[in-house]
Each structure stands twice: as C-alpha cells, then as structure tokens.
>>> print(open('work00.txt').read())   # compact mmCIF, C-alpha atoms
# COMPACT_ATOMS: atom_id res chain seq x y z
CA MET A 1 -10.13 4.74 13.96
CA ASP A 2 -11.31 7.13 11.30
CA GLY A 3 -10.88 10.45 13.07
CA PRO A 4 -9.96 13.58 11.20
CA SER A 5 -6.62 14.18 12.91
CA PRO A 6 -3.86 12.18 11.25
CA ARG A 7 -1.28 12.98 13.89
CA GLY A 8 -3.21 13.47 17.11
CA VAL A 9 -4.19 10.79 19.57
CA GLU A 10 -7.84 9.89 19.24
CA ILE A 11 -9.96 8.91 22.19
CA GLU A 12 -12.74 6.79 20.76
CA ARG A 13 -15.13 4.16 21.99
CA LYS A 14 -17.01 1.69 19.84
CA PHE A 15 -20.25 -0.07 20.65
CA LEU A 16 -22.74 -2.37 19.02
CA VAL A 17 -26.21 -0.94 18.43
CA ALA A 18 -29.05 -2.38 20.52
CA GLU A 19 -31.75 -0.87 18.32
CA LEU A 20 -31.74 1.76 15.60
CA PRO A 21 -32.53 5.11 17.24
CA ALA A 22 -35.62 7.04 16.17
CA GLU A 23 -33.42 10.00 15.14
CA LEU A 24 -31.79 7.89 12.41
CA ALA A 25 -34.30 9.10 9.83
CA ASP A 26 -33.24 12.71 10.43
CA HIS A 27 -29.60 11.98 9.66
CA PRO A 28 -29.21 10.37 6.25
CA GLY A 29 -26.23 8.06 5.85
CA GLN A 30 -23.16 8.86 3.86
CA ARG A 31 -21.81 5.90 1.95
CA ILE A 32 -18.29 4.76 2.88
CA GLU A 33 -16.42 2.17 0.84
CA GLN A 34 -13.13 0.99 2.23
CA GLY A 35 -10.81 -1.69 0.91
CA TYR A 36 -7.33 -2.87 1.87
CA LEU A 37 -4.68 -3.10 -0.83
CA ALA A 38 -2.15 -4.84 1.39
CA ILE A 39 -1.15 -5.31 5.02
CA ALA A 40 2.44 -6.09 6.01
CA PRO A 41 3.38 -8.59 8.75
CA ASP A 42 4.48 -5.65 10.94
CA GLY A 43 1.01 -4.12 10.60
CA VAL A 44 1.69 -1.42 7.99
CA GLU A 45 -1.60 -1.13 6.12
CA VAL A 46 -2.52 0.49 2.83
CA ARG A 47 -6.18 1.11 2.14
CA VAL A 48 -8.33 3.04 -0.29
CA ARG A 49 -11.53 4.70 0.73
CA ARG A 50 -14.31 6.67 -0.88
CA ARG A 51 -16.69 8.80 1.13
CA ALA A 52 -19.11 11.31 -0.34
CA GLY A 53 -17.29 11.19 -3.65
CA GLN A 54 -13.88 11.92 -2.09
CA ALA A 55 -11.38 9.11 -2.60
CA THR A 56 -8.12 8.65 -0.72
CA LEU A 57 -5.30 6.18 -0.30
CA THR A 58 -4.08 5.93 3.28
CA VAL A 59 -0.94 4.32 4.65
CA LYS A 60 -0.86 3.61 8.38
CA SER A 61 1.98 2.31 10.52
CA GLY A 62 1.80 -0.90 12.51
CA PRO A 63 1.27 -1.07 16.28
CA ASN A 64 4.97 -1.21 17.21
CA GLN A 65 6.12 1.63 14.96
CA VAL A 66 6.20 5.38 15.42
CA ARG A 67 2.63 6.38 14.64
CA THR A 68 2.42 7.43 10.99
CA GLU A 69 -0.58 8.11 8.81
CA GLU A 70 -0.34 9.56 5.33
CA GLU A 71 -3.34 10.24 3.15
CA LEU A 72 -3.11 10.80 -0.61
CA ALA A 73 -6.01 12.07 -2.72
CA LEU A 74 -7.17 9.84 -5.58
CA ASP A 75 -9.12 10.84 -8.65
CA ASP A 76 -12.07 8.65 -9.68
CA ARG A 77 -10.17 6.69 -12.32
CA ARG A 78 -7.40 5.80 -9.90
CA PHE A 79 -9.84 4.89 -7.15
CA GLU A 80 -11.72 2.48 -9.42
CA SER A 81 -8.48 0.98 -10.67
CA LEU A 82 -7.20 0.39 -7.12
CA TRP A 83 -10.58 -0.66 -5.72
CA ALA A 84 -10.50 -3.64 -8.08
CA LEU A 85 -7.39 -4.85 -6.22
CA THR A 86 -9.15 -4.94 -2.83
CA ASP A 87 -11.50 -7.79 -3.70
CA GLY A 88 -12.05 -9.90 -0.58
CA ARG A 89 -10.67 -7.17 1.72
CA ARG A 90 -13.54 -4.69 1.80
CA VAL A 91 -16.02 -3.04 4.10
CA SER A 92 -18.89 -0.88 2.94
CA LYS A 93 -21.41 0.92 5.06
CA ALA A 94 -23.63 3.96 5.45
CA ARG A 95 -22.50 6.33 8.18
CA HIS A 96 -25.10 8.36 10.07
CA GLU A 97 -23.87 11.18 12.29
CA ILE A 98 -26.24 11.58 15.22
CA PRO A 99 -25.79 14.41 17.74
CA LEU A 100 -25.66 13.35 21.40
CA ALA A 101 -25.61 15.32 24.65
CA ASP A 102 -22.52 17.35 25.63
CA GLY A 103 -21.65 18.19 22.03
CA LEU A 104 -20.73 14.59 21.22
CA THR A 105 -21.52 12.89 17.91
CA ALA A 106 -22.41 9.25 17.43
CA GLU A 107 -21.12 7.81 14.15
CA LEU A 108 -23.58 5.02 13.52
CA ASP A 109 -22.46 2.63 10.79
CA VAL A 110 -24.97 0.43 8.97
CA TYR A 111 -22.89 -2.17 7.13
CA ASP A 112 -23.94 -3.78 3.88
CA GLY A 113 -22.34 -6.24 1.47
CA ALA A 114 -20.52 -9.07 3.26
CA HIS A 115 -21.21 -7.45 6.65
CA ASP A 116 -24.94 -6.91 6.13
CA GLY A 117 -26.73 -6.82 9.47
CA LEU A 118 -23.81 -5.43 11.46
CA LEU A 119 -24.42 -2.11 13.23
CA THR A 120 -21.75 -0.24 15.18
CA VAL A 121 -21.50 3.19 16.72
CA GLU A 122 -18.30 5.12 17.39
CA ILE A 123 -17.96 8.18 19.55
CA GLU A 124 -14.89 10.39 19.72
CA PHE A 125 -14.23 12.26 22.96
CA PRO A 126 -12.38 15.50 23.57
CA SER A 127 -10.68 14.10 26.70
CA LEU A 128 -10.16 10.93 28.70
CA GLU A 129 -12.45 12.39 31.36
CA ALA A 130 -15.29 12.87 28.86
CA SER A 131 -14.75 9.33 27.62
CA GLU A 132 -14.98 7.88 31.12
CA ALA A 133 -18.00 10.00 32.04
CA PHE A 134 -19.97 8.97 28.96
CA ALA A 135 -23.48 7.67 29.69
CA PRO A 136 -24.66 5.87 26.52
CA PRO A 137 -28.23 6.48 25.32
CA PRO A 138 -30.52 3.43 25.57
CA TRP A 139 -30.14 2.45 21.89
CA VAL A 140 -26.41 1.89 22.36
CA GLY A 141 -25.47 -1.77 22.98
CA PRO A 142 -22.43 -3.59 24.37
CA GLU A 143 -19.02 -1.93 24.09
CA VAL A 144 -16.54 -3.47 21.63
CA THR A 145 -13.74 -0.88 21.78
CA ALA A 146 -11.18 -3.48 22.85
CA ASP A 147 -12.61 -6.29 20.72
CA ALA A 148 -10.18 -6.64 17.80
CA ARG A 149 -12.78 -8.52 15.75
CA TYR A 150 -14.64 -5.25 15.21
CA ALA A 151 -11.66 -3.27 13.95
CA ASN A 152 -12.03 -2.17 10.32
CA GLN A 153 -9.08 -4.23 9.17
CA SER A 154 -10.36 -7.34 10.90
CA LEU A 155 -13.88 -6.92 9.48
CA ALA A 156 -12.45 -6.45 5.98
CA LEU A 157 -10.18 -9.48 6.14
CA THR A 158 -12.69 -11.79 7.80
CA GLY A 159 -15.23 -11.02 5.12
CA GLY A 160 -18.22 -11.07 7.45
CA PRO A 161 -19.56 -9.79 10.79
CA PRO A 162 -18.15 -11.44 13.91
CA ARG A 163 -20.41 -14.03 15.54
CA ARG A 164 -22.23 -12.35 18.39
CA ASP A 165 -21.96 -15.44 20.59
CA ALA A 166 -18.30 -16.13 19.88
CA MET B 167 10.11 -4.33 -14.14
CA ASP B 168 10.67 -0.62 -13.92
CA GLY B 169 9.77 0.45 -17.44
CA PRO B 170 8.19 3.78 -18.15
CA SER B 171 4.90 2.43 -19.52
CA PRO B 172 2.46 1.70 -16.69
CA ARG B 173 -0.06 -0.04 -18.95
CA GLY B 174 1.94 -1.60 -21.74
CA VAL B 175 3.52 -5.02 -21.75
CA GLU B 176 7.25 -4.82 -21.17
CA ILE B 177 9.69 -7.19 -22.81
CA GLU B 178 12.70 -7.26 -20.52
CA ARG B 179 15.58 -9.57 -19.80
CA LYS B 180 17.71 -9.52 -16.68
CA PHE B 181 21.27 -10.79 -16.31
CA LEU B 182 24.00 -10.88 -13.74
CA VAL B 183 27.13 -8.89 -14.54
CA ALA B 184 30.29 -10.86 -15.29
CA GLU B 185 32.57 -7.82 -14.94
CA LEU B 186 31.95 -4.10 -14.77
CA PRO B 187 32.23 -2.70 -18.31
CA ALA B 188 34.87 -0.09 -19.11
CA GLU B 189 32.14 2.35 -20.22
CA LEU B 190 30.73 2.46 -16.68
CA ALA B 191 32.84 5.50 -15.82
CA ASP B 192 31.23 7.46 -18.65
CA HIS B 193 27.71 6.86 -17.33
CA PRO B 194 27.40 7.99 -13.72
CA GLY B 195 24.86 6.14 -11.62
CA GLN B 196 21.56 7.56 -10.50
CA ARG B 197 20.62 6.56 -6.99
CA ILE B 198 17.42 4.52 -6.60
CA GLU B 199 15.90 3.77 -3.22
CA GLN B 200 12.95 1.43 -3.19
CA GLY B 201 11.04 0.04 -0.24
CA TYR B 202 7.90 -2.05 0.13
CA LEU B 203 5.16 -0.81 2.43
CA ALA B 204 3.10 -3.99 2.19
CA ILE B 205 2.44 -6.99 -0.03
CA ALA B 206 -0.87 -8.82 0.03
CA PRO B 207 -1.20 -12.63 -0.18
CA ASP B 208 -2.61 -12.26 -3.71
CA GLY B 209 0.51 -10.34 -4.74
CA VAL B 210 -0.80 -6.76 -4.66
CA GLU B 211 2.26 -4.71 -3.73
CA VAL B 212 2.67 -1.14 -2.53
CA ARG B 213 6.11 0.38 -2.72
CA VAL B 214 7.73 3.78 -2.44
CA ARG B 215 10.65 4.82 -4.53
CA ARG B 216 12.95 7.79 -4.92
CA ARG B 217 15.06 8.32 -7.98
CA ALA B 218 16.92 11.52 -8.82
CA GLY B 219 14.90 13.40 -6.21
CA GLN B 220 11.55 12.25 -7.62
CA ALA B 221 9.53 10.19 -5.15
CA THR B 222 6.53 8.01 -5.96
CA LEU B 223 4.21 5.50 -4.37
CA THR B 224 3.31 2.65 -6.71
CA VAL B 225 0.58 0.04 -6.38
CA LYS B 226 0.88 -3.04 -8.58
CA SER B 227 -1.54 -5.91 -9.04
CA GLY B 228 -0.69 -9.53 -8.29
CA PRO B 229 0.11 -12.16 -10.93
CA ASN B 230 -3.43 -13.52 -11.24
CA GLN B 231 -5.18 -10.16 -11.49
CA VAL B 232 -5.88 -7.84 -14.39
CA ARG B 233 -2.59 -5.98 -14.78
CA THR B 234 -2.82 -2.71 -12.86
CA GLU B 235 -0.13 -0.21 -11.97
CA GLU B 236 -0.86 3.16 -10.41
CA GLU B 237 1.83 5.66 -9.52
CA LEU B 238 1.26 8.59 -7.16
CA ALA B 239 3.73 11.43 -6.73
CA LEU B 240 5.07 12.02 -3.20
CA ASP B 241 6.59 15.18 -1.81
CA ASP B 242 9.80 14.84 0.22
CA ARG B 243 8.08 14.95 3.61
CA ARG B 244 5.69 12.16 2.67
CA PHE B 245 8.44 10.05 1.14
CA GLU B 246 10.53 10.24 4.32
CA SER B 247 7.51 9.48 6.47
CA LEU B 248 6.60 6.40 4.40
CA TRP B 249 10.19 5.29 3.88
CA ALA B 250 10.47 4.78 7.63
CA LEU B 251 7.73 2.14 7.34
CA THR B 252 9.70 0.03 4.84
CA ASP B 253 12.46 -0.98 7.25
CA GLY B 254 13.57 -4.52 6.40
CA ARG B 255 11.91 -4.41 2.97
CA ARG B 256 14.31 -2.23 1.01
CA VAL B 257 16.60 -2.22 -1.96
CA SER B 258 18.98 0.58 -2.83
CA LYS B 259 21.28 0.83 -5.78
CA ALA B 260 22.97 3.08 -8.31
CA ARG B 261 21.62 2.69 -11.85
CA HIS B 262 23.94 3.28 -14.79
CA GLU B 263 22.39 3.54 -18.25
CA ILE B 264 24.83 2.20 -20.83
CA PRO B 265 24.04 2.39 -24.56
CA LEU B 266 24.30 -0.89 -26.47
CA ALA B 267 24.10 -1.75 -30.17
CA ASP B 268 20.77 -1.48 -32.04
CA GLY B 269 19.56 1.44 -29.93
CA LEU B 270 19.22 -0.72 -26.80
CA THR B 271 20.11 0.50 -23.31
CA ALA B 272 21.59 -1.60 -20.52
CA GLU B 273 20.38 -0.59 -17.07
CA LEU B 274 23.24 -1.71 -14.88
CA ASP B 275 22.37 -1.73 -11.18
CA VAL B 276 25.10 -1.62 -8.54
CA TYR B 277 23.40 -2.55 -5.27
CA ASP B 278 24.49 -1.28 -1.90
CA GLY B 279 23.20 -1.62 1.65
CA ALA B 280 22.03 -5.15 2.43
CA HIS B 281 22.64 -6.23 -1.17
CA ASP B 282 26.17 -4.88 -1.44
CA GLY B 283 28.11 -6.79 -4.07
CA LEU B 284 25.13 -7.66 -6.25
CA LEU B 285 25.26 -6.42 -9.85
CA THR B 286 22.44 -6.89 -12.35
CA VAL B 287 21.69 -5.57 -15.78
CA GLU B 288 18.25 -5.20 -17.35
CA ILE B 289 17.52 -4.57 -21.00
CA GLU B 290 14.14 -3.62 -22.40
CA PHE B 291 13.35 -4.64 -25.97
CA PRO B 292 10.98 -3.08 -28.49
CA SER B 293 9.75 -6.50 -29.66
CA LEU B 294 9.91 -10.20 -28.89
CA GLU B 295 12.07 -10.64 -32.00
CA ALA B 296 14.62 -8.09 -30.74
CA SER B 297 14.64 -9.83 -27.38
CA GLU B 298 15.33 -13.23 -28.93
CA ALA B 299 17.99 -11.87 -31.30
CA PHE B 300 19.91 -10.14 -28.49
CA ALA B 301 23.63 -10.97 -28.40
CA PRO B 302 24.93 -9.88 -24.96
CA PRO B 303 28.25 -8.02 -24.80
CA PRO B 304 31.04 -9.97 -23.05
CA TRP B 305 30.64 -8.21 -19.70
CA VAL B 306 27.07 -9.54 -19.34
CA GLY B 307 26.83 -12.70 -17.23
CA PRO B 308 24.24 -15.46 -16.74
CA GLU B 309 20.58 -14.65 -17.42
CA VAL B 310 18.25 -14.47 -14.40
CA THR B 311 15.07 -13.20 -16.07
CA ALA B 312 13.07 -16.20 -14.87
CA ASP B 313 14.81 -16.49 -11.51
CA ALA B 314 12.32 -15.14 -8.98
CA ARG B 315 15.08 -14.63 -6.40
CA TYR B 316 16.32 -11.65 -8.39
CA ALA B 317 12.96 -9.89 -8.62
CA ASN B 318 12.94 -6.54 -6.78
CA GLN B 319 10.31 -7.72 -4.32
CA SER B 320 12.21 -10.87 -3.52
CA LEU B 321 15.51 -9.02 -3.04
CA ALA B 322 13.80 -6.52 -0.74
CA LEU B 323 12.09 -9.15 1.41
CA THR B 324 15.06 -11.50 1.61
CA GLY B 325 17.27 -8.71 2.83
CA GLY B 326 20.36 -9.84 0.93
CA PRO B 327 21.66 -11.00 -2.44
CA PRO B 328 20.73 -14.55 -3.48
CA ARG B 329 23.49 -17.12 -3.05
CA ARG B 330 25.14 -17.62 -6.41
CA ASP B 331 25.52 -21.36 -5.88
CA ALA B 332 21.98 -21.96 -4.60
>>> encode(input="work00.txt", output="structure tokens")
Amino acid sequence: MDGPSPRGVEIERKFLVAELPAELADHPGQRIEQGYLAIAPDGVEVRVRRRAGQATLTVKSGPNQVRTEEELALDDRRFESLWALTDGRRVSKARHEIPLADGLTAELDVYDGAHDGLLTVEIEFPSLEASEAFAPPPWVGPEVTADARYANQSLALTGGPPRRDA
Amino acid sequence: MDGPSPRGVEIERKFLVAELPAELADHPGQRIEQGYLAIAPDGVEVRVRRRAGQATLTVKSGPNQVRTEEELALDDRRFESLWALTDGRRVSKARHEIPLADGLTAELDVYDGAHDGLLTVEIEFPSLEASEAFAPPPWVGPEVTADARYANQSLALTGGPPRRDA
C-alpha cells in the first residue's frame, strides 16, 4: 500500500502480529502520520502524510480507474494547515523495519491514537513466487491482506481498530 | 469564489447574464478548466484547475471548519494525470474580464461542455458598502449569489446547468 514505486505493481502481504519480536528494540520506529482530506465515491483519495519530517500530499485513483498516483511535497506550514482538515480521518503509527530472511523486510506498524493496540506487519516481495514461498517467522500472526477492514483508508475512516472477532 | 486572496474574506456577488454585453468582443476569454478530485462529507474539497496554462491543485476547508485554502502548483504532466481522475466532476468555461464603473471588474463566464449555454457573472467588491451600493448594468440578470446550485462544486457534481425554472 505504501511502497516506494508510484507506478509499479506492488506485491505485498499484510499480517497481524502475534507477539512483538525480540528484534524490535534494535529497530527504532519512525513516526508516520496519515490523514485523508477527501475520498470520492469512485474511490479517488487525497491524503496527507508526514514521515520522518517529510510531508507529502498524495492523490490515488479508485479501483476501477487507470492506476494513478501523484505525490506532491508539502512544507511544514502547509502540512499543518491541511492536517487540521483530516480530523476524524487519521491513522498514526510507529513503523519499525525489521530485516527477514531472503533479503525481505518486515514493516511492523505499532498504531497509536484511535487505533492504539493494533499491530500489523507488511512485507513487499520482489516476485509472485517469493510472495507464495514466504514462510512467516513465528511472531507473525494471521494474514489480513484481503481483509478490507485493515486497509489504511478503512482504518482511518472507521476511527478504530477492527474487532478481532468480527 | 475564485478570488486571489487565499486567506482574506471575499465579498462577491454572482448573477446570471441577461444578454451578452457589447464589450465582450473587446475582452477575449481565458479558458478555465476545473475538476474535483474528491469532496469529503464535511465539505473539504480538493480540485485541480488550469487557467492560461497555469495548473494548480487547491484544497479548501468545509463550511464548519476554520477557513483554510492551500494551493499547490502542478506541472503539465501532473495536471493531465490528475485531470483524468475528475471525470464527471468538471466545469469548463471561458472567463471574460469586463471593466465596470467604480473600478469594479465583471468576471463573465461562458460555460461549455456539460454546462453549455450557462452564463454567469461574478463581481468582487472592496467593501460591504460597495457591494450593497452596486447598480448592475442592464446586461446583468437575476442574482444567484445565495443559490447553491450555481456554486462551482454544485455545477461540477450535477453535470449540467441548473434548470432556470426550478
């Protein structure tokens, strides 16, 4: 969802976290604040995000449109001004990047604010084969890749973590 | 609505056009294309616009929020990319700026595309007093300042001119 390639196709899987891995302490989290300005009925979304002091505004196409993603840099004043307009449509978290076998990286997100207690991990794969061959380490919990409730947009709009038993 | 001051309070009145004024020919229109990327339930709107080759993305707050308006410049590639996402939420028109008495300027908009046939004129005033004292020239028709159907956003989302008899 948050891969570095705005135009490429990303192969990612998302899981819950069964228990925080021991290595977490070695990989300090980077704070990510993300808020949605507006989402159109056809799925076009406009969000602002700040990570490690870098702020951006991103526009993404909806699911039935030609895939488009445009990212514009924001200075601090503009970010703060726009952030105020995302009240009630926000997610904030600390992201820990934890190296796995085979050159993979686990992006472990520890949510705070309205989603306090939620832990997810995302892994991006270089190929479909690598994705299918992936053997999760024991601290990785149930997969939620296809569970729309765990998508960023859904988390932001729902204003809380999904119910685990729902 | 489209004044140059992003932070000030604008005093504007909007009218229909009874007949095209004779001076129109002396003031060639400047093409304006405006499309909405997304509008949030609280009224936050994100639009892109191109006028005289200058493209911008603008975020505006909703009616019950602290007034915020941020404008970001777009290069041509980005404008085209984002414009494609505004399908069904567009307004395009030619704007003619016609000088009036007392240093005022009439912004006469000749709509095309889905709003072909619609003509509006907007006038910005330096003070409330000037606004109240305004005596429209004969070619200016009924006032629609308070008629939400003629707001840019409403025109764009409705996809056509309001019915005159509605």
>>> closest_residue(input="work00.txt", among="A:Tyr36, A:Tyr111, A:Phe125, A:Tyr150", to="chain B", atoms="only C-alpha atoms")
A:Tyr36
>>> interface_residues(input="work00.txt", of="chain A", to="chain B", cutoff="12 Å", atoms="all atoms listed in the file", output="ChimeraX atom specification")
/A:36-48,56-75,77-89,157
>>> atom_distance(input="work00.txt", atom1="atom CA of A:Thr145", atom2="atom CA of A:Gly103")
20.6 Å
>>> atom_distance(input="work00.txt", atom1="atom CA of B:Pro327", atom2="atom CA of B:His281")
5.0 Å
>>> closest_residue(input="work00.txt", among="A:Val140, A:Ala148, A:Leu155, A:Ala133", to="A:Ala114", atoms="all atoms listed in the file")
A:Leu155
>>> closest_residue(input="work00.txt", among="A:Val17, A:Ala52, A:Ala101, A:Leu128", to="A:Gly29", atoms="only C-alpha atoms")
A:Ala52
>>> atom_distance(input="work00.txt", atom1="atom CA of A:Glu19", atom2="atom CA of A:Arg90")
24.9 Å
>>> residues_around(input="work00.txt", residues="A:Glu12", least_positions_apart="2", cutoff="8 Å", atoms="all atoms listed in the file", output="MDAnalysis selection string")
chainID A and resid 1 10 14 122:125 131 145
>>> write_last_selection(input="work00.txt", atoms="C-alpha atoms", output="CSV table (one decimal), in the frame of the given file")
chain,number,residue,atom,x,y,z
A,1,MET,CA,-10.1,4.7,14.0
A,10,GLU,CA,-7.8,9.9,19.2
A,14,LYS,CA,-17.0,1.7,19.8
A,122,GLU,CA,-18.3,5.1,17.4
A,123,ILE,CA,-18.0,8.2,19.6
A,124,GLU,CA,-14.9,10.4,19.7
A,125,PHE,CA,-14.2,12.3,23.0
A,131,SER,CA,-14.8,9.3,27.6
A,145,THR,CA,-13.7,-0.9,21.8
>>> residues_near_point(input="work00.txt", point="(23.9, -8.0, -2.5)", cutoff="12 Å", atoms="all atoms listed in the file", output="compact mmCIF listing (two decimals) with C-alpha atoms, in the frame of the given file")
# COMPACT_ATOMS: atom_id res chain seq x y z
CA LEU B 182 24.00 -10.88 -13.74
CA ARG B 256 14.31 -2.23 1.01
CA VAL B 257 16.60 -2.22 -1.96
CA SER B 258 18.98 0.58 -2.83
CA LYS B 259 21.28 0.83 -5.78
CA ASP B 275 22.37 -1.73 -11.18
CA VAL B 276 25.10 -1.62 -8.54
CA TYR B 277 23.40 -2.55 -5.27
CA ASP B 278 24.49 -1.28 -1.90
CA GLY B 279 23.20 -1.62 1.65
CA ALA B 280 22.03 -5.15 2.43
CA HIS B 281 22.64 -6.23 -1.17
CA ASP B 282 26.17 -4.88 -1.44
CA GLY B 283 28.11 -6.79 -4.07
CA LEU B 284 25.13 -7.66 -6.25
CA LEU B 285 25.26 -6.42 -9.85
CA THR B 286 22.44 -6.89 -12.35
CA ARG B 315 15.08 -14.63 -6.40
CA TYR B 316 16.32 -11.65 -8.39
CA ASN B 318 12.94 -6.54 -6.78
CA LEU B 321 15.51 -9.02 -3.04
CA ALA B 322 13.80 -6.52 -0.74
CA THR B 324 15.06 -11.50 1.61
CA GLY B 325 17.27 -8.71 2.83
CA GLY B 326 20.36 -9.84 0.93
CA PRO B 327 21.66 -11.00 -2.44
CA PRO B 328 20.73 -14.55 -3.48
CA ARG B 329 23.49 -17.12 -3.05
CA ARG B 330 25.14 -17.62 -6.41
>>> closest_residue(input="work00.txt", among="B:Arg179, B:Leu274, B:Ala184, B:Val287", to="B:Trp305", atoms="all atoms listed in the file")
B:Ala184
>>> closest_residue(input="work00.txt", among="B:Glu273, B:Phe181, B:Glu295, B:Ala260", to="B:Glu309", atoms="all atoms listed in the file")
B:Phe181
>>> decode(input="work00.txt", residues="stretch 106-115 of chain A", atoms="all heavy atoms", output="mmCIF file, in the first residue's frame")
data_model
loop_
_atom_site.group_PDB
_atom_site.id
_atom_site.type_symbol
_atom_site.label_atom_id
_atom_site.label_comp_id
_atom_site.auth_asym_id
_atom_site.auth_seq_id
_atom_site.Cartn_x
_atom_site.Cartn_y
_atom_site.Cartn_z
ATOM 1 N N ALA A 106 10.355 -6.704 6.998
ATOM 2 C CA ALA A 106 9.033 -6.603 7.612
ATOM 3 C C ALA A 106 8.824 -5.171 8.075
ATOM 4 O O ALA A 106 9.652 -4.623 8.800
ATOM 5 C CB ALA A 106 8.928 -7.560 8.791
ATOM 6 N N GLU A 107 7.740 -4.548 7.611
ATOM 7 C CA GLU A 107 7.374 -3.219 8.103
ATOM 8 C C GLU A 107 6.329 -3.409 9.190
ATOM 9 O O GLU A 107 5.152 -3.637 8.909
ATOM 10 C CB GLU A 107 6.823 -2.362 6.961
ATOM 11 C CG GLU A 107 7.858 -2.095 5.875
ATOM 12 C CD GLU A 107 7.329 -1.171 4.783
ATOM 13 O OE1 GLU A 107 6.119 -1.239 4.473
ATOM 14 O OE2 GLU A 107 8.138 -0.397 4.236
ATOM 15 N N LEU A 108 6.794 -3.334 10.428
ATOM 16 C CA LEU A 108 5.907 -3.583 11.561
ATOM 17 C C LEU A 108 5.365 -2.254 12.068
ATOM 18 O O LEU A 108 6.127 -1.375 12.461
ATOM 19 C CB LEU A 108 6.683 -4.319 12.661
ATOM 20 C CG LEU A 108 5.857 -4.973 13.768
ATOM 21 C CD1 LEU A 108 6.704 -5.999 14.522
ATOM 22 C CD2 LEU A 108 5.260 -3.987 14.742
ATOM 23 N N ASP A 109 4.052 -2.102 12.030
ATOM 24 C CA ASP A 109 3.414 -0.846 12.422
ATOM 25 C C ASP A 109 2.757 -0.980 13.788
ATOM 26 O O ASP A 109 1.890 -1.837 13.993
ATOM 27 C CB ASP A 109 2.354 -0.440 11.388
ATOM 28 C CG ASP A 109 2.972 0.047 10.077
ATOM 29 O OD1 ASP A 109 4.156 0.462 10.088
ATOM 30 O OD2 ASP A 109 2.269 0.011 9.039
ATOM 31 N N VAL A 110 3.180 -0.114 14.710
ATOM 32 C CA VAL A 110 2.574 -0.046 16.041
ATOM 33 C C VAL A 110 1.692 1.199 16.055
ATOM 34 O O VAL A 110 2.180 2.329 16.069
ATOM 35 C CB VAL A 110 3.662 0.062 17.132
ATOM 36 C CG1 VAL A 110 3.017 0.145 18.521
ATOM 37 C CG2 VAL A 110 4.630 -1.115 17.046
ATOM 38 N N TYR A 111 0.388 0.991 15.999
ATOM 39 C CA TYR A 111 -0.552 2.115 15.898
ATOM 40 C C TYR A 111 -0.739 2.782 17.248
ATOM 41 O O TYR A 111 -0.659 2.145 18.298
ATOM 42 C CB TYR A 111 -1.914 1.614 15.385
ATOM 43 C CG TYR A 111 -1.860 1.166 13.935
ATOM 44 C CD1 TYR A 111 -1.269 -0.056 13.595
ATOM 45 C CD2 TYR A 111 -2.382 1.951 12.918
ATOM 46 C CE1 TYR A 111 -1.195 -0.464 12.266
ATOM 47 C CE2 TYR A 111 -2.326 1.539 11.590
ATOM 48 C CZ TYR A 111 -1.727 0.335 11.277
ATOM 49 O OH TYR A 111 -1.654 -0.059 9.966
ATOM 50 N N ASP A 112 -1.024 4.072 17.211
ATOM 51 C CA ASP A 112 -1.395 4.762 18.451
ATOM 52 C C ASP A 112 -2.673 5.551 18.174
ATOM 53 O O ASP A 112 -3.408 5.267 17.242
ATOM 54 C CB ASP A 112 -0.237 5.632 18.970
ATOM 55 C CG ASP A 112 0.328 6.553 17.907
ATOM 56 O OD1 ASP A 112 -0.447 7.340 17.332
ATOM 57 O OD2 ASP A 112 1.543 6.459 17.626
ATOM 58 N N GLY A 113 -2.952 6.528 19.027
ATOM 59 C CA GLY A 113 -4.166 7.337 18.838
ATOM 60 C C GLY A 113 -5.397 6.446 18.857
ATOM 61 O O GLY A 113 -5.517 5.545 19.697
ATOM 62 N N ALA A 114 -6.309 6.669 17.932
ATOM 63 C CA ALA A 114 -7.584 5.952 17.905
ATOM 64 C C ALA A 114 -7.405 4.450 17.669
ATOM 65 O O ALA A 114 -8.298 3.661 17.962
ATOM 66 C CB ALA A 114 -8.489 6.545 16.822
ATOM 67 N N HIS A 115 -6.248 4.057 17.120
ATOM 68 C CA HIS A 115 -6.016 2.649 16.792
ATOM 69 C C HIS A 115 -5.026 1.992 17.750
ATOM 70 O O HIS A 115 -4.425 0.969 17.423
ATOM 71 C CB HIS A 115 -5.530 2.523 15.342
ATOM 72 C CG HIS A 115 -6.441 3.163 14.362
ATOM 73 N ND1 HIS A 115 -6.347 4.502 14.037
ATOM 74 C CD2 HIS A 115 -7.502 2.685 13.661
ATOM 75 C CE1 HIS A 115 -7.302 4.815 13.169
ATOM 76 N NE2 HIS A 115 -8.006 3.742 12.922
#
